[in-house]
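Participant: Following this message is one structure expressed as structure tokens.
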Amino acid sequence: RTAGAMLSASAFEKFRFTGGRAVAAASVSRKREGSPLTPPQPPRARAKPDDEVSDDPSVRQHPYIAPAPARWRERYAPACEACEAARVPCVHHPEVSLKLLIIGHNPSEHSWESGWSYSNPSNNFWKLLAKGRIVPEDWTKEDCPRLPGDLGIGFTDAGTVPGNDAGAYNRATMKKWRFDLYARLRGHVARCADASGDEDARVGHRSSMSIASRHGPDVVAFSGKRQYAQLFDAVPSRVDAGRQPPESLPPGWPLCPERTEVWVMPSSSGRAAMRREEREGPWVELGARLATIPWPRAE
């Protein structure tokens, strides 16, 4: 990306969340030079495969990384170039509590190959983030790897298999995905606790709600209603867009309702037909809410 496309200091200050961290605009702009990934670091060998769970099957040990030649991965933290290329969890950038975690349905074939969430040209996702002032207006799918480190925005999906038709996955499949998604969310929270030095995470309480209450993301946003509705034992006939009441969350939801708000957003897929106001409005509301949340979190 050329220097002319960089975010200017004045533009970034205009964008910057009012309750956010005080970061010099120039330092953020400099990161846009060259690759959006962090500088290369030698990868360290991992003891277990990236899809192996910990001793507790309800807490997944590592973020999911697609097998080669695909490049898709869960993004809870930045990844250096070497670890990204080697398709291993990046131990050089510990996971920290996120401001926003976005949960999609499953990666499209395009995203599975590119490694960038919502990279299909027909998807409106990155335009919606910019419309809501959740990211600077000139950021695109290519900036996906830097969002966890620069803005505290992470990405995962309900399912970790590629496909372009959400309706192709039946109820039985979605129930299996629910267990795995919950295990991956607990794993992320446990890794945040480990990185912070939280002793409870080291003495057998890795899946406890107390860990989630301290280290869960501020906001989880489902980028579509289907993957959220399928978390319920009986799929609701209607799900309203926007923030969900804490008492209405799905059974077994692994994040603390007092710590983590849950939002359900209109689908960004070009396949989903709706009026522009219906699609954009909830993202604008979400952006306004995020503007009030400081990040990084003061522990």
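Each chain in the structure tokens gets a letter, A, B and so on, in the order shown; residues start at 1 in every chain, and ligands are counted from 1 in the order they appear.
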Please give the complete set of residues from stretch 42-247 of chain A that DSSP, run on the backbone, assigns to strand (DSSP E), formatted as a list in words.
Facilitator: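 For stretch 42-247 of chain A, the strand (DSSP E) set is Leu100, Leu101, Ile102, Ile103, Gly104, Ile153, Gly154, Phe155, Thr156, Asp157, Val219, Val220, Ala221, Phe222, Gly242 and Arg243 of chain A.
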Participant: With all heavy atoms retained, write the just-selected residues as a short mmCIF file (atom, residue, chain, number, x, y, z; two decimals), in the first residue's frame.
Facilitator:
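Contents of out_12.cif, as written:
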data_model
loop_
_atom_site.label_atom_id
_atom_site.label_comp_id
_atom_site.auth_asym_id
_atom_site.auth_seq_id
_atom_site.Cartn_x
_atom_site.Cartn_y
_atom_site.Cartn_z
N LEU A 100 -13.49 -6.19 20.70
CA LEU A 100 -14.57 -6.75 19.90
C LEU A 100 -14.10 -8.05 19.28
O LEU A 100 -13.02 -8.11 18.69
CB LEU A 100 -14.95 -5.76 18.78
CG LEU A 100 -15.91 -6.26 17.70
CD1 LEU A 100 -17.27 -6.58 18.29
CD2 LEU A 100 -16.03 -5.22 16.58
N LEU A 101 -14.92 -9.09 19.42
CA LEU A 101 -14.68 -10.35 18.72
C LEU A 101 -15.86 -10.58 17.78
O LEU A 101 -17.01 -10.63 18.21
CB LEU A 101 -14.56 -11.51 19.71
CG LEU A 101 -14.41 -12.90 19.08
CD1 LEU A 101 -13.11 -12.98 18.26
CD2 LEU A 101 -14.44 -13.99 20.15
N ILE A 102 -15.56 -10.74 16.50
CA ILE A 102 -16.58 -10.93 15.48
C ILE A 102 -16.66 -12.41 15.13
O ILE A 102 -15.65 -13.04 14.82
CB ILE A 102 -16.27 -10.09 14.24
CG1 ILE A 102 -16.26 -8.59 14.60
CG2 ILE A 102 -17.29 -10.36 13.13
CD1 ILE A 102 -15.78 -7.68 13.50
N ILE A 103 -17.87 -12.95 15.20
CA ILE A 103 -18.08 -14.37 14.93
C ILE A 103 -18.91 -14.52 13.66
O ILE A 103 -20.08 -14.14 13.62
CB ILE A 103 -18.79 -15.06 16.11
CG1 ILE A 103 -17.95 -14.92 17.40
CG2 ILE A 103 -19.02 -16.55 15.80
CD1 ILE A 103 -18.60 -15.55 18.62
N GLY A 104 -18.29 -15.07 12.64
CA GLY A 104 -18.98 -15.32 11.39
C GLY A 104 -19.61 -16.70 11.38
O GLY A 104 -19.57 -17.44 12.36
N ILE A 153 -9.64 -5.89 17.75
CA ILE A 153 -10.74 -6.56 17.06
C ILE A 153 -10.27 -7.91 16.55
O ILE A 153 -9.32 -7.99 15.76
CB ILE A 153 -11.28 -5.71 15.90
CG1 ILE A 153 -11.81 -4.38 16.42
CG2 ILE A 153 -12.36 -6.46 15.13
CD1 ILE A 153 -12.25 -3.41 15.34
N GLY A 154 -10.91 -8.98 17.01
CA GLY A 154 -10.54 -10.32 16.60
C GLY A 154 -11.60 -10.98 15.74
O GLY A 154 -12.73 -10.48 15.63
N PHE A 155 -11.24 -12.12 15.13
CA PHE A 155 -12.13 -12.81 14.20
C PHE A 155 -12.13 -14.31 14.47
O PHE A 155 -11.07 -14.92 14.63
CB PHE A 155 -11.67 -12.60 12.75
CG PHE A 155 -11.72 -11.17 12.28
CD1 PHE A 155 -10.62 -10.34 12.42
CD2 PHE A 155 -12.87 -10.65 11.72
CE1 PHE A 155 -10.66 -9.02 11.99
CE2 PHE A 155 -12.92 -9.33 11.28
CZ PHE A 155 -11.82 -8.51 11.42
N THR A 156 -13.31 -14.89 14.47
CA THR A 156 -13.45 -16.34 14.40
C THR A 156 -14.77 -16.64 13.70
O THR A 156 -15.49 -15.73 13.30
CB THR A 156 -13.39 -16.99 15.80
OG1 THR A 156 -13.35 -18.41 15.65
CG2 THR A 156 -14.60 -16.62 16.64
N ASP A 157 -15.08 -17.92 13.54
CA ASP A 157 -16.33 -18.33 12.90
C ASP A 157 -16.93 -19.47 13.69
O ASP A 157 -16.23 -20.21 14.40
CB ASP A 157 -16.08 -18.79 11.45
CG ASP A 157 -15.92 -17.62 10.48
OD1 ASP A 157 -16.40 -16.52 10.80
OD2 ASP A 157 -15.31 -17.82 9.42
N VAL A 219 -17.07 -6.96 23.78
CA VAL A 219 -18.24 -7.16 22.92
C VAL A 219 -17.98 -8.34 22.00
O VAL A 219 -16.88 -8.48 21.45
CB VAL A 219 -18.55 -5.91 22.07
CG1 VAL A 219 -19.73 -6.16 21.14
CG2 VAL A 219 -18.83 -4.69 22.96
N VAL A 220 -18.97 -9.19 21.85
CA VAL A 220 -18.98 -10.21 20.80
C VAL A 220 -20.09 -9.83 19.82
O VAL A 220 -21.22 -9.53 20.23
CB VAL A 220 -19.25 -11.61 21.37
CG1 VAL A 220 -19.67 -12.58 20.27
CG2 VAL A 220 -18.01 -12.15 22.07
N ALA A 221 -19.77 -9.82 18.53
CA ALA A 221 -20.76 -9.50 17.51
C ALA A 221 -20.85 -10.65 16.52
O ALA A 221 -19.84 -11.01 15.90
CB ALA A 221 -20.41 -8.21 16.78
N PHE A 222 -22.02 -11.24 16.40
CA PHE A 222 -22.26 -12.26 15.38
C PHE A 222 -22.59 -11.54 14.08
O PHE A 222 -23.54 -10.76 14.01
CB PHE A 222 -23.42 -13.17 15.80
CG PHE A 222 -23.07 -14.11 16.91
CD1 PHE A 222 -23.15 -13.70 18.24
CD2 PHE A 222 -22.68 -15.42 16.65
CE1 PHE A 222 -22.83 -14.55 19.28
CE2 PHE A 222 -22.35 -16.28 17.68
CZ PHE A 222 -22.43 -15.85 19.00
N GLY A 242 -28.93 -6.16 16.80
CA GLY A 242 -28.54 -5.25 17.87
C GLY A 242 -28.10 -6.01 19.11
O GLY A 242 -27.86 -7.23 19.08
N ARG A 243 -27.98 -5.29 20.21
CA ARG A 243 -27.53 -5.89 21.47
C ARG A 243 -28.60 -6.82 22.03
O ARG A 243 -29.78 -6.49 22.04
CB ARG A 243 -27.21 -4.79 22.48
CG ARG A 243 -26.63 -5.34 23.79
CD ARG A 243 -26.23 -4.24 24.73
NE ARG A 243 -25.75 -4.79 25.99
CZ ARG A 243 -25.33 -4.05 27.02
NH1 ARG A 243 -25.35 -2.72 26.94
NH2 ARG A 243 -24.89 -4.63 28.13
#
Participant: Can you pull out every residue within 9 Å of A:Trp177, counting only C-alpha atoms, but drop anything in the same chain fewer than 5 positions away, and send it as a ChimeraX atom specification?
Facilitator: /A:158-160,172,182,231
Participant: Could you take the residues named above and write them with C-alpha atoms, as a tab-separated table (two decimals), in the first residue's frame?
Facilitator:
chain	number	residue	atom	x	y	z
A	158	ALA	CA	-18.90	-20.76	14.20
A	159	GLY	CA	-17.60	-23.40	11.79
A	160	THR	CA	-14.02	-23.91	10.69
A	172	ALA	CA	-26.76	-31.65	13.38
A	182	TYR	CA	-17.60	-22.68	22.86
A	231	LEU	CA	-26.75	-21.92	19.37
Participant: Enumerate the residues of stretch 153-228 of chain A with a DSSP assignment of helix (DSSP H, G or I), computed from the backbone, and present them as a ChimeraX atom specification.
Facilitator: /A:166-168,171-196,199-202,209-215,225-228
Participant: For each of A:Ser196, A:Thr260, A:Ser269, A:Ser248, take the minimum atom-to-atom distance to A:Ser223, counting only C-alpha atoms, then give the residue where this is smallest.
Facilitator: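 Closest residue, counting only C-alpha atoms: A:Ser269.
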Participant: If I take atom CA of A:Val96 and atom CA of A:Pro246, how far is one from the other in Å, to one decimal?
Facilitator: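 It comes out at 23.4 Å.
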Participant: Measuring between only C-alpha atoms, which one of A:Trp126, A:Ala212, A:Tyr228, A:Ile65 shows the shortest distance to A:Ala85?
Facilitator: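 Under the stated criterion, the closest residue is A:Ile65.
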